[in-house]
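Novice: Okay, so here is query-v1.cif, and as you'll see once you scroll down, it has mmCIF, N, CA and C atoms.
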```cif
data_entry
#
loop_
_atom_site.label_atom_id
_atom_site.label_comp_id
_atom_site.auth_asym_id
_atom_site.auth_seq_id
_atom_site.Cartn_x
_atom_site.Cartn_y
_atom_site.Cartn_z
N MET D 24 16.15 -62.62 -16.42
CA MET D 24 15.71 -62.76 -17.80
C MET D 24 14.31 -62.18 -17.94
N ALA D 25 14.10 -61.42 -18.96
CA ALA D 25 12.82 -60.74 -19.17
C ALA D 25 11.68 -61.72 -19.45
N VAL D 26 10.52 -61.40 -18.90
CA VAL D 26 9.33 -62.21 -19.15
C VAL D 26 8.47 -61.61 -20.25
N VAL D 27 8.77 -60.36 -20.64
CA VAL D 27 8.18 -59.72 -21.82
C VAL D 27 9.31 -58.99 -22.54
N ARG D 28 9.16 -58.84 -23.83
CA ARG D 28 10.15 -58.11 -24.61
C ARG D 28 10.04 -56.63 -24.28
N ALA D 29 11.20 -55.98 -24.18
CA ALA D 29 11.19 -54.57 -23.84
C ALA D 29 12.43 -53.87 -24.40
N SER D 30 12.20 -52.86 -25.20
CA SER D 30 13.28 -52.00 -25.67
C SER D 30 13.56 -50.95 -24.60
N SER D 31 14.58 -50.16 -24.80
CA SER D 31 14.86 -49.09 -23.84
C SER D 31 13.71 -48.08 -23.81
N ALA D 32 13.07 -47.85 -24.94
CA ALA D 32 11.90 -46.95 -24.98
C ALA D 32 10.74 -47.55 -24.18
N ASP D 33 10.56 -48.86 -24.25
CA ASP D 33 9.51 -49.54 -23.48
C ASP D 33 9.79 -49.42 -21.97
N ILE D 34 11.04 -49.58 -21.59
CA ILE D 34 11.42 -49.45 -20.18
C ILE D 34 11.12 -48.04 -19.70
N ASP D 35 11.47 -47.04 -20.50
CA ASP D 35 11.17 -45.65 -20.14
C ASP D 35 9.66 -45.43 -20.01
N LEU D 36 8.89 -45.98 -20.92
CA LEU D 36 7.44 -45.83 -20.89
C LEU D 36 6.87 -46.46 -19.62
N LEU D 37 7.28 -47.67 -19.30
CA LEU D 37 6.80 -48.31 -18.08
C LEU D 37 7.26 -47.53 -16.85
N ALA D 38 8.48 -47.05 -16.85
CA ALA D 38 8.99 -46.26 -15.72
C ALA D 38 8.14 -45.01 -15.49
N ARG D 39 7.78 -44.34 -16.57
CA ARG D 39 6.93 -43.15 -16.45
C ARG D 39 5.56 -43.51 -15.89
N LEU D 40 5.02 -44.65 -16.31
CA LEU D 40 3.73 -45.09 -15.80
C LEU D 40 3.81 -45.39 -14.30
N LEU D 41 4.85 -46.09 -13.88
CA LEU D 41 5.01 -46.44 -12.47
C LEU D 41 5.01 -45.18 -11.61
N ARG D 42 5.79 -44.20 -12.02
CA ARG D 42 5.87 -42.96 -11.24
C ARG D 42 4.55 -42.23 -11.23
N ALA D 43 3.93 -42.09 -12.38
CA ALA D 43 2.69 -41.32 -12.49
C ALA D 43 1.54 -41.98 -11.74
N GLU D 44 1.51 -43.30 -11.72
CA GLU D 44 0.42 -44.02 -11.06
C GLU D 44 0.62 -44.18 -9.56
N ALA D 45 1.88 -44.30 -9.11
CA ALA D 45 2.06 -44.72 -7.71
C ALA D 45 3.29 -44.14 -7.00
N GLU D 46 3.79 -43.02 -7.42
CA GLU D 46 4.99 -42.48 -6.77
C GLU D 46 4.78 -42.31 -5.26
N GLY D 47 3.60 -41.89 -4.86
CA GLY D 47 3.32 -41.69 -3.45
C GLY D 47 3.28 -42.98 -2.65
N GLU D 48 3.27 -44.12 -3.32
CA GLU D 48 3.24 -45.41 -2.65
C GLU D 48 4.64 -45.99 -2.45
N GLY D 49 5.66 -45.26 -2.83
CA GLY D 49 7.03 -45.73 -2.66
C GLY D 49 7.45 -46.75 -3.70
N GLN D 50 8.66 -47.26 -3.53
CA GLN D 50 9.20 -48.18 -4.52
C GLN D 50 8.37 -49.45 -4.67
N LEU D 51 7.95 -50.05 -3.56
CA LEU D 51 7.14 -51.27 -3.67
C LEU D 51 5.80 -50.97 -4.34
N GLY D 52 5.18 -49.86 -4.01
CA GLY D 52 3.92 -49.50 -4.65
C GLY D 52 4.07 -49.33 -6.15
N MET D 53 5.16 -48.71 -6.58
CA MET D 53 5.40 -48.56 -8.02
C MET D 53 5.68 -49.92 -8.66
N LEU D 54 6.43 -50.77 -7.98
CA LEU D 54 6.70 -52.11 -8.51
C LEU D 54 5.40 -52.91 -8.64
N LEU D 55 4.48 -52.75 -7.71
CA LEU D 55 3.19 -53.44 -7.80
C LEU D 55 2.41 -53.00 -9.04
N VAL D 56 2.47 -51.72 -9.37
CA VAL D 56 1.84 -51.23 -10.61
C VAL D 56 2.50 -51.92 -11.81
N GLY D 57 3.81 -52.04 -11.78
CA GLY D 57 4.51 -52.76 -12.85
C GLY D 57 4.09 -54.21 -12.92
N ASN D 58 3.88 -54.86 -11.77
CA ASN D 58 3.40 -56.24 -11.76
C ASN D 58 2.08 -56.37 -12.50
N VAL D 59 1.15 -55.47 -12.20
CA VAL D 59 -0.16 -55.52 -12.85
C VAL D 59 0.00 -55.33 -14.36
N GLY D 60 0.83 -54.38 -14.76
CA GLY D 60 1.04 -54.15 -16.19
C GLY D 60 1.61 -55.36 -16.90
N ILE D 61 2.63 -55.96 -16.32
CA ILE D 61 3.23 -57.15 -16.93
C ILE D 61 2.23 -58.30 -16.95
N ASN D 62 1.44 -58.44 -15.88
CA ASN D 62 0.38 -59.47 -15.88
C ASN D 62 -0.59 -59.26 -17.02
N ARG D 63 -0.95 -58.03 -17.30
CA ARG D 63 -1.89 -57.74 -18.40
C ARG D 63 -1.32 -58.16 -19.74
N ILE D 64 -0.03 -58.00 -19.91
CA ILE D 64 0.60 -58.40 -21.17
C ILE D 64 0.62 -59.92 -21.29
N ARG D 65 0.90 -60.60 -20.22
CA ARG D 65 1.07 -62.06 -20.26
C ARG D 65 -0.23 -62.84 -20.15
N ALA D 66 -1.27 -62.26 -19.58
CA ALA D 66 -2.49 -63.02 -19.28
C ALA D 66 -3.31 -63.39 -20.51
N ASN D 67 -3.45 -62.47 -21.44
CA ASN D 67 -4.25 -62.69 -22.65
C ASN D 67 -5.67 -63.18 -22.32
N CYS D 68 -6.33 -62.48 -21.41
CA CYS D 68 -7.69 -62.81 -21.05
C CYS D 68 -8.44 -61.54 -20.65
N SER D 69 -9.71 -61.68 -20.45
CA SER D 69 -10.57 -60.59 -19.98
C SER D 69 -10.41 -59.37 -20.88
N ASP D 70 -10.21 -58.21 -20.26
CA ASP D 70 -10.07 -56.96 -21.02
C ASP D 70 -8.72 -56.85 -21.71
N PHE D 71 -7.86 -57.83 -21.55
CA PHE D 71 -6.48 -57.72 -22.00
C PHE D 71 -6.11 -58.73 -23.08
N LYS D 72 -7.11 -59.26 -23.77
CA LYS D 72 -6.84 -60.16 -24.89
C LYS D 72 -6.13 -59.37 -25.98
N GLY D 73 -5.06 -59.95 -26.49
CA GLY D 73 -4.32 -59.32 -27.58
C GLY D 73 -3.33 -58.26 -27.14
N ILE D 74 -3.24 -57.97 -25.85
CA ILE D 74 -2.25 -57.01 -25.36
C ILE D 74 -0.93 -57.78 -25.22
N ARG D 75 0.06 -57.46 -26.04
CA ARG D 75 1.29 -58.23 -26.05
C ARG D 75 2.54 -57.40 -25.80
N THR D 76 2.43 -56.06 -25.80
CA THR D 76 3.60 -55.21 -25.63
C THR D 76 3.36 -54.16 -24.55
N ILE D 77 4.42 -53.59 -24.07
CA ILE D 77 4.30 -52.53 -23.06
C ILE D 77 3.53 -51.33 -23.62
N PRO D 78 3.83 -50.84 -24.83
CA PRO D 78 3.02 -49.71 -25.35
C PRO D 78 1.54 -50.06 -25.49
N GLN D 79 1.21 -51.26 -25.94
CA GLN D 79 -0.21 -51.65 -26.04
C GLN D 79 -0.86 -51.64 -24.67
N MET D 80 -0.15 -52.11 -23.66
CA MET D 80 -0.69 -52.15 -22.30
C MET D 80 -0.87 -50.74 -21.75
N VAL D 81 0.14 -49.91 -21.89
CA VAL D 81 0.09 -48.56 -21.32
C VAL D 81 -0.98 -47.72 -22.01
N TYR D 82 -1.06 -47.81 -23.32
CA TYR D 82 -1.98 -46.95 -24.08
C TYR D 82 -3.33 -47.60 -24.37
N GLN D 83 -3.61 -48.73 -23.75
CA GLN D 83 -4.94 -49.32 -23.92
C GLN D 83 -5.97 -48.30 -23.44
N PRO D 84 -7.00 -48.03 -24.26
CA PRO D 84 -7.99 -47.01 -23.87
C PRO D 84 -8.57 -47.25 -22.48
N HIS D 85 -8.59 -46.21 -21.69
CA HIS D 85 -9.20 -46.19 -20.35
C HIS D 85 -8.48 -47.08 -19.35
N ALA D 86 -7.25 -47.50 -19.63
CA ALA D 86 -6.55 -48.42 -18.72
C ALA D 86 -5.90 -47.70 -17.54
N PHE D 87 -5.35 -46.52 -17.77
CA PHE D 87 -4.63 -45.82 -16.71
C PHE D 87 -5.00 -44.35 -16.69
N GLU D 88 -5.46 -43.90 -15.55
CA GLU D 88 -5.83 -42.49 -15.39
C GLU D 88 -4.63 -41.57 -15.54
N ALA D 89 -3.46 -42.03 -15.19
CA ALA D 89 -2.26 -41.18 -15.22
C ALA D 89 -1.99 -40.58 -16.60
N LEU D 90 -2.44 -41.24 -17.65
CA LEU D 90 -2.16 -40.75 -18.99
C LEU D 90 -2.86 -39.44 -19.32
N ILE D 91 -3.86 -39.07 -18.54
CA ILE D 91 -4.55 -37.82 -18.81
C ILE D 91 -3.93 -36.65 -18.04
N HIS D 92 -2.88 -36.93 -17.28
CA HIS D 92 -2.20 -35.90 -16.50
C HIS D 92 -0.79 -35.67 -17.05
N GLY D 93 -0.35 -34.44 -17.01
CA GLY D 93 0.96 -34.07 -17.55
C GLY D 93 2.13 -34.77 -16.89
N TYR D 94 1.98 -35.16 -15.64
CA TYR D 94 3.08 -35.79 -14.91
C TYR D 94 3.59 -37.05 -15.62
N PHE D 95 2.69 -37.78 -16.26
CA PHE D 95 3.07 -38.99 -16.99
C PHE D 95 4.06 -38.67 -18.11
N TYR D 96 3.97 -37.51 -18.69
CA TYR D 96 4.75 -37.18 -19.88
C TYR D 96 6.13 -36.60 -19.57
N GLN D 97 6.52 -36.56 -18.30
CA GLN D 97 7.86 -36.14 -17.94
C GLN D 97 8.85 -37.26 -18.24
N ARG D 98 10.12 -36.89 -18.37
CA ARG D 98 11.17 -37.87 -18.65
C ARG D 98 11.27 -38.93 -17.56
N ALA D 99 11.58 -40.15 -17.96
CA ALA D 99 11.79 -41.25 -17.01
C ALA D 99 13.05 -40.98 -16.19
N ARG D 100 13.00 -41.36 -14.93
CA ARG D 100 14.17 -41.26 -14.05
C ARG D 100 14.78 -42.64 -13.86
N GLU D 101 16.06 -42.67 -13.57
CA GLU D 101 16.76 -43.95 -13.43
C GLU D 101 16.17 -44.81 -12.31
N SER D 102 15.74 -44.21 -11.22
CA SER D 102 15.17 -45.01 -10.12
C SER D 102 13.93 -45.77 -10.59
N GLU D 103 13.08 -45.13 -11.39
CA GLU D 103 11.89 -45.83 -11.90
C GLU D 103 12.25 -46.81 -13.02
N ARG D 104 13.29 -46.50 -13.79
CA ARG D 104 13.75 -47.46 -14.81
C ARG D 104 14.18 -48.77 -14.14
N ARG D 105 14.88 -48.67 -13.02
CA ARG D 105 15.29 -49.88 -12.30
C ARG D 105 14.07 -50.69 -11.87
N LEU D 106 13.05 -50.02 -11.36
CA LEU D 106 11.83 -50.72 -10.96
C LEU D 106 11.14 -51.35 -12.17
N ALA D 107 11.10 -50.63 -13.28
CA ALA D 107 10.49 -51.16 -14.50
C ALA D 107 11.23 -52.43 -14.95
N ARG D 108 12.55 -52.39 -14.91
CA ARG D 108 13.32 -53.58 -15.30
C ARG D 108 13.03 -54.76 -14.37
N ARG D 109 12.88 -54.50 -13.08
CA ARG D 109 12.56 -55.58 -12.14
C ARG D 109 11.22 -56.21 -12.49
N ALA D 110 10.22 -55.40 -12.81
CA ALA D 110 8.91 -55.94 -13.21
C ALA D 110 9.02 -56.72 -14.52
N ILE D 111 9.74 -56.17 -15.47
CA ILE D 111 9.93 -56.83 -16.77
C ILE D 111 10.66 -58.15 -16.61
N ASN D 112 11.53 -58.23 -15.62
CA ASN D 112 12.28 -59.48 -15.37
C ASN D 112 11.48 -60.48 -14.55
N GLY D 113 10.23 -60.16 -14.23
CA GLY D 113 9.36 -61.14 -13.59
C GLY D 113 9.29 -61.08 -12.08
N GLU D 114 9.91 -60.07 -11.46
CA GLU D 114 9.81 -59.95 -10.00
C GLU D 114 8.38 -59.53 -9.66
N ARG D 115 7.71 -60.34 -8.83
CA ARG D 115 6.32 -60.05 -8.49
C ARG D 115 6.12 -60.14 -6.99
N HIS D 116 5.19 -59.33 -6.51
CA HIS D 116 4.90 -59.27 -5.08
C HIS D 116 3.40 -59.25 -4.84
N TRP D 117 3.00 -59.86 -3.72
CA TRP D 117 1.62 -59.78 -3.30
C TRP D 117 1.35 -58.35 -2.85
N PRO D 118 0.19 -57.78 -3.13
CA PRO D 118 -1.03 -58.38 -3.66
C PRO D 118 -1.17 -58.29 -5.18
N ALA D 119 -0.11 -57.91 -5.88
CA ALA D 119 -0.20 -57.78 -7.33
C ALA D 119 0.29 -59.01 -8.08
N LYS D 120 0.70 -60.04 -7.37
CA LYS D 120 1.31 -61.20 -8.01
C LYS D 120 0.49 -61.74 -9.18
N TYR D 121 -0.83 -61.84 -9.02
CA TYR D 121 -1.71 -62.31 -10.10
C TYR D 121 -2.77 -61.27 -10.46
N SER D 122 -2.64 -60.08 -9.95
CA SER D 122 -3.67 -59.06 -10.17
C SER D 122 -3.62 -58.48 -11.58
N LEU D 123 -4.80 -58.18 -12.08
CA LEU D 123 -4.93 -57.49 -13.36
C LEU D 123 -5.51 -56.09 -13.19
N TRP D 124 -5.98 -55.79 -12.00
CA TRP D 124 -6.59 -54.48 -11.74
C TRP D 124 -6.13 -53.94 -10.40
N TYR D 125 -6.06 -52.64 -10.32
CA TYR D 125 -5.86 -51.95 -9.05
C TYR D 125 -6.52 -50.60 -9.19
N PHE D 126 -6.86 -50.00 -8.09
CA PHE D 126 -7.30 -48.62 -8.12
C PHE D 126 -7.22 -48.05 -6.72
N ARG D 127 -7.35 -46.73 -6.66
CA ARG D 127 -7.23 -46.01 -5.39
C ARG D 127 -8.59 -45.42 -5.04
N PRO D 128 -9.33 -46.10 -4.19
CA PRO D 128 -10.66 -45.58 -3.82
C PRO D 128 -10.53 -44.47 -2.77
N PRO D 129 -11.58 -43.68 -2.59
CA PRO D 129 -11.53 -42.65 -1.55
C PRO D 129 -11.63 -43.22 -0.14
N GLY D 130 -12.03 -44.48 -0.01
CA GLY D 130 -12.18 -45.10 1.31
C GLY D 130 -11.76 -46.55 1.27
N ASP D 131 -12.62 -47.40 1.81
CA ASP D 131 -12.34 -48.84 1.85
C ASP D 131 -12.35 -49.45 0.45
N CYS D 132 -11.67 -50.58 0.32
CA CYS D 132 -11.65 -51.32 -0.94
C CYS D 132 -12.97 -52.07 -1.10
N PRO D 133 -13.63 -51.93 -2.25
CA PRO D 133 -14.84 -52.73 -2.47
C PRO D 133 -14.46 -54.21 -2.61
N PRO D 134 -15.39 -55.10 -2.33
CA PRO D 134 -15.08 -56.53 -2.38
C PRO D 134 -14.82 -57.05 -3.80
N THR D 135 -15.30 -56.34 -4.82
CA THR D 135 -15.00 -56.72 -6.20
C THR D 135 -14.73 -55.46 -7.03
N TRP D 136 -14.03 -55.65 -8.13
CA TRP D 136 -13.76 -54.60 -9.09
C TRP D 136 -13.75 -55.27 -10.44
N TYR D 137 -14.53 -54.76 -11.37
CA TYR D 137 -14.71 -55.43 -12.66
C TYR D 137 -15.09 -56.89 -12.45
N ASP D 138 -15.95 -57.12 -11.49
CA ASP D 138 -16.45 -58.46 -11.15
C ASP D 138 -15.37 -59.43 -10.70
N GLN D 139 -14.22 -58.93 -10.28
CA GLN D 139 -13.14 -59.78 -9.81
C GLN D 139 -12.89 -59.51 -8.33
N PRO D 140 -12.49 -60.53 -7.58
CA PRO D 140 -12.37 -60.38 -6.13
C PRO D 140 -11.16 -59.56 -5.68
N PHE D 141 -11.39 -58.84 -4.60
CA PHE D 141 -10.34 -58.09 -3.91
C PHE D 141 -9.37 -59.09 -3.27
N VAL D 142 -8.05 -58.84 -3.46
CA VAL D 142 -7.06 -59.74 -2.85
C VAL D 142 -6.18 -59.06 -1.83
N GLY D 143 -6.11 -57.74 -1.87
CA GLY D 143 -5.28 -57.07 -0.89
C GLY D 143 -5.11 -55.60 -1.20
N ARG D 144 -4.62 -54.91 -0.20
CA ARG D 144 -4.39 -53.48 -0.32
C ARG D 144 -2.93 -53.21 0.00
N TYR D 145 -2.34 -52.28 -0.74
CA TYR D 145 -1.02 -51.77 -0.40
C TYR D 145 -1.16 -50.26 -0.31
N LYS D 146 -0.96 -49.75 0.87
CA LYS D 146 -1.14 -48.33 1.16
C LYS D 146 -2.51 -47.88 0.66
N LEU D 147 -2.58 -47.05 -0.38
CA LEU D 147 -3.87 -46.52 -0.82
C LEU D 147 -4.49 -47.28 -1.99
N HIS D 148 -3.76 -48.25 -2.55
CA HIS D 148 -4.26 -48.96 -3.73
C HIS D 148 -4.83 -50.33 -3.35
N CYS D 149 -5.98 -50.65 -3.97
CA CYS D 149 -6.64 -51.95 -3.81
C CYS D 149 -6.32 -52.80 -5.03
N PHE D 150 -6.07 -54.08 -4.83
CA PHE D 150 -5.69 -54.98 -5.93
C PHE D 150 -6.72 -56.09 -6.08
N TYR D 151 -6.96 -56.44 -7.34
CA TYR D 151 -7.98 -57.43 -7.70
C TYR D 151 -7.39 -58.41 -8.70
N GLU D 152 -7.56 -59.69 -8.42
CA GLU D 152 -7.06 -60.69 -9.35
C GLU D 152 -8.23 -61.51 -9.87
N PRO D 153 -8.11 -61.97 -11.10
CA PRO D 153 -9.20 -62.74 -11.67
C PRO D 153 -9.29 -64.13 -11.04
N THR D 154 -10.45 -64.70 -11.15
CA THR D 154 -10.61 -66.09 -10.71
C THR D 154 -10.04 -66.99 -11.81
N GLY D 155 -9.77 -68.22 -11.45
CA GLY D 155 -9.30 -69.19 -12.43
C GLY D 155 -10.30 -69.41 -13.54
N GLU D 156 -11.58 -69.24 -13.23
CA GLU D 156 -12.63 -69.42 -14.24
C GLU D 156 -12.61 -68.30 -15.28
N THR D 157 -12.27 -67.09 -14.87
CA THR D 157 -12.29 -65.97 -15.81
C THR D 157 -10.95 -65.75 -16.48
N CYS D 158 -9.87 -66.24 -15.88
CA CYS D 158 -8.54 -66.04 -16.48
C CYS D 158 -7.55 -67.06 -15.94
N GLU D 159 -7.72 -68.28 -16.35
CA GLU D 159 -6.84 -69.34 -15.89
C GLU D 159 -5.38 -69.06 -16.25
N ASN D 160 -5.18 -68.42 -17.38
CA ASN D 160 -3.83 -68.19 -17.89
C ASN D 160 -2.97 -67.36 -16.95
N ILE D 161 -3.56 -66.47 -16.17
CA ILE D 161 -2.76 -65.62 -15.26
C ILE D 161 -1.99 -66.47 -14.26
N TYR D 162 -2.50 -67.64 -13.95
CA TYR D 162 -1.84 -68.52 -12.99
C TYR D 162 -0.84 -69.47 -13.64
N ASN D 163 -0.71 -69.39 -14.95
CA ASN D 163 0.19 -70.29 -15.68
C ASN D 163 1.27 -69.56 -16.48
N THR D 164 1.42 -68.25 -16.29
CA THR D 164 2.31 -67.50 -17.17
C THR D 164 3.74 -67.39 -16.65
N PHE D 165 3.99 -67.73 -15.40
CA PHE D 165 5.35 -67.60 -14.87
C PHE D 165 5.85 -68.94 -14.39
#
```
Represent the structure of the file as structure tokens.

Specialist:
Amino acid sequence: MAVVRASSADIDLLARLLRAEAEGEGQLGMLLVGNVGINRIRANCSDFKGIRTIPQMVYQPHAFEALIHGYFYQRARESERRLARRAINGERHWPAKYSLWYFRPPGDCPPTWYDQPFVGRYKLHCFYEPTGETCENIYNTF
């Protein structure tokens, strides 16, 4: 059962984001990107107050670097659609389980990102989850 509302166009949009942001990280890496996106929709805190839909999350200004590259604008593939549906249905994995941020640094993961603590790395991406003080809701949405 979906944890956020999603039309077929929303699924395609999320699928394109997963591929553009993390194709080199494999299926789990792309699913982790989907986890972060769904968390942003459900958390309603920090930089993500009022983000309630997949298009709002994807097109939030400065949220995803992939949007400035042409690869994001290619058609969604069925393999990424399946991953998008899994994220939309609430499947979550560490280190993205409660994360609202991730990025790919040129080296080691910094201990904080947007003033939030580092929780783990998957391949080349570092993940950061908010503290309960800054976003209690992230721990209560599922």

Novice: Give me the residues near segment 95-110 of chain D as a ChimeraX atom specification, where near means some atom within 9 Å (using only C-alpha atoms) and where sequence neighbours in that chain fewer than 3 positions away do not count.

Specialist: /D:25-26,29,34-44,50-51,53-58,60-61,89-92,113-115

Novice: Write to file, as a compact mmCIF listing (two decimals), in the frame of the given file, the residues of the selection just made, with N, CA and C atoms.

Specialist:
```txt
# COMPACT_ATOMS: atom_id res chain seq x y z
N ALA D 25 14.10 -61.42 -18.96
CA ALA D 25 12.82 -60.74 -19.17
C ALA D 25 11.68 -61.72 -19.45
N VAL D 26 10.52 -61.40 -18.90
CA VAL D 26 9.33 -62.21 -19.15
C VAL D 26 8.47 -61.61 -20.25
N ALA D 29 11.20 -55.98 -24.18
CA ALA D 29 11.19 -54.57 -23.84
C ALA D 29 12.43 -53.87 -24.40
N ILE D 34 11.04 -49.58 -21.59
CA ILE D 34 11.42 -49.45 -20.18
C ILE D 34 11.12 -48.04 -19.70
N ASP D 35 11.47 -47.04 -20.50
CA ASP D 35 11.17 -45.65 -20.14
C ASP D 35 9.66 -45.43 -20.01
N LEU D 36 8.89 -45.98 -20.92
CA LEU D 36 7.44 -45.83 -20.89
C LEU D 36 6.87 -46.46 -19.62
N LEU D 37 7.28 -47.67 -19.30
CA LEU D 37 6.80 -48.31 -18.08
C LEU D 37 7.26 -47.53 -16.85
N ALA D 38 8.48 -47.05 -16.85
CA ALA D 38 8.99 -46.26 -15.72
C ALA D 38 8.14 -45.01 -15.49
N ARG D 39 7.78 -44.34 -16.57
CA ARG D 39 6.93 -43.15 -16.45
C ARG D 39 5.56 -43.51 -15.89
N LEU D 40 5.02 -44.65 -16.31
CA LEU D 40 3.73 -45.09 -15.80
C LEU D 40 3.81 -45.39 -14.30
N LEU D 41 4.85 -46.09 -13.88
CA LEU D 41 5.01 -46.44 -12.47
C LEU D 41 5.01 -45.18 -11.61
N ARG D 42 5.79 -44.20 -12.02
CA ARG D 42 5.87 -42.96 -11.24
C ARG D 42 4.55 -42.23 -11.23
N ALA D 43 3.93 -42.09 -12.38
CA ALA D 43 2.69 -41.32 -12.49
C ALA D 43 1.54 -41.98 -11.74
N GLU D 44 1.51 -43.30 -11.72
CA GLU D 44 0.42 -44.02 -11.06
C GLU D 44 0.62 -44.18 -9.56
N GLN D 50 8.66 -47.26 -3.53
CA GLN D 50 9.20 -48.18 -4.52
C GLN D 50 8.37 -49.45 -4.67
N LEU D 51 7.95 -50.05 -3.56
CA LEU D 51 7.14 -51.27 -3.67
C LEU D 51 5.80 -50.97 -4.34
N MET D 53 5.16 -48.71 -6.58
CA MET D 53 5.40 -48.56 -8.02
C MET D 53 5.68 -49.92 -8.66
N LEU D 54 6.43 -50.77 -7.98
CA LEU D 54 6.70 -52.11 -8.51
C LEU D 54 5.40 -52.91 -8.64
N LEU D 55 4.48 -52.75 -7.71
CA LEU D 55 3.19 -53.44 -7.80
C LEU D 55 2.41 -53.00 -9.04
N VAL D 56 2.47 -51.72 -9.37
CA VAL D 56 1.84 -51.23 -10.61
C VAL D 56 2.50 -51.92 -11.81
N GLY D 57 3.81 -52.04 -11.78
CA GLY D 57 4.51 -52.76 -12.85
C GLY D 57 4.09 -54.21 -12.92
N ASN D 58 3.88 -54.86 -11.77
CA ASN D 58 3.40 -56.24 -11.76
C ASN D 58 2.08 -56.37 -12.50
N GLY D 60 0.83 -54.38 -14.76
CA GLY D 60 1.04 -54.15 -16.19
C GLY D 60 1.61 -55.36 -16.90
N ILE D 61 2.63 -55.96 -16.32
CA ILE D 61 3.23 -57.15 -16.93
C ILE D 61 2.23 -58.30 -16.95
N ALA D 89 -3.46 -42.03 -15.19
CA ALA D 89 -2.26 -41.18 -15.22
C ALA D 89 -1.99 -40.58 -16.60
N LEU D 90 -2.44 -41.24 -17.65
CA LEU D 90 -2.16 -40.75 -18.99
C LEU D 90 -2.86 -39.44 -19.32
N ILE D 91 -3.86 -39.07 -18.54
CA ILE D 91 -4.55 -37.82 -18.81
C ILE D 91 -3.93 -36.65 -18.04
N HIS D 92 -2.88 -36.93 -17.28
CA HIS D 92 -2.20 -35.90 -16.50
C HIS D 92 -0.79 -35.67 -17.05
N GLY D 113 10.23 -60.16 -14.23
CA GLY D 113 9.36 -61.14 -13.59
C GLY D 113 9.29 -61.08 -12.08
N GLU D 114 9.91 -60.07 -11.46
CA GLU D 114 9.81 -59.95 -10.00
C GLU D 114 8.38 -59.53 -9.66
N ARG D 115 7.71 -60.34 -8.83
CA ARG D 115 6.32 -60.05 -8.49
C ARG D 115 6.12 -60.14 -6.99
```

Novice: Which one is closest to Asn163 of chain D: D:Cys132, D:Ala66, D:Ala32, D:Met24? Count all atoms listed in the file.

Specialist: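 Ranked by minimum distance to Asn163 of chain D, first place goes to D:Ala66.
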
Novice: Hey, what comes out of the PyMOL selection byres ((chain D and resi 134-150) around 6.5) on this file? Could you write it as a list in words?

Specialist: Glu48, Pro118, Ala119, Ser122, Trp124, Tyr125, Phe126, Arg127, Pro128, Cys132, Pro133, Tyr151, Glu152, Pro153 and Thr154 of chain D

Novice: Work out how far atom CA of Leu123 of chain D is from atom CA of Val59 of chain D, in Å to one decimal.

Specialist: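 Separating atom CA of Val59 of chain D from atom CA of Leu123 of chain D is a distance of 5.2 Å.
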
Novice: Have a look at atom N of Cys158 of chain D and atom N of Lys72 of chain D and let me know their distance in Å, one decimal.

Specialist: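 A separation of 10.9 Å between them.
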
Novice: Considering only helix (DSSP H, G or I) as DSSP defines it on the backbone, what residues of segment 57-132 of chain D qualify? List them as a PyMOL selection string.

Specialist: chain D and resi 57-66+69-71+77-81+88-91+93-96+101-111

Novice: Could you check which of D:Gln79, D:Asn160, D:Asn62, D:Asn67 is closest to Ile111 of chain D, using only C-alpha atoms?

Specialist: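 Going through D:Gln79, D:Asn160, D:Asn62, D:Asn67 one by one, the smallest distance to Ile111 of chain D is for D:Asn62.
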
Novice: Hey, can you check how far atom N of Ser30 of chain D sits from atom C of Arg63 of chain D?

Specialist: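 Going from atom N of Ser30 of chain D over to atom C of Arg63 of chain D, I get 15.5 Å.
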
Novice: Can you list, as a list in words, every residue of chain D that DSSP puts in strand (DSSP E or B)?

Specialist: Trp124, Tyr125, Phe126, Thr135, Trp136, Gln139, Pro140, Phe141, Val142, Gly143, Arg144, Tyr145, His148, Cys149, Phe150 and Tyr151 of chain D

Novice: Tell me which residues come within 8 Å of (-16.0, -61.3, -21.0), as a list in words, counting only C-alpha atoms in the file's coordinates.

Specialist: Ser69, Asp70 and Thr157 of chain D
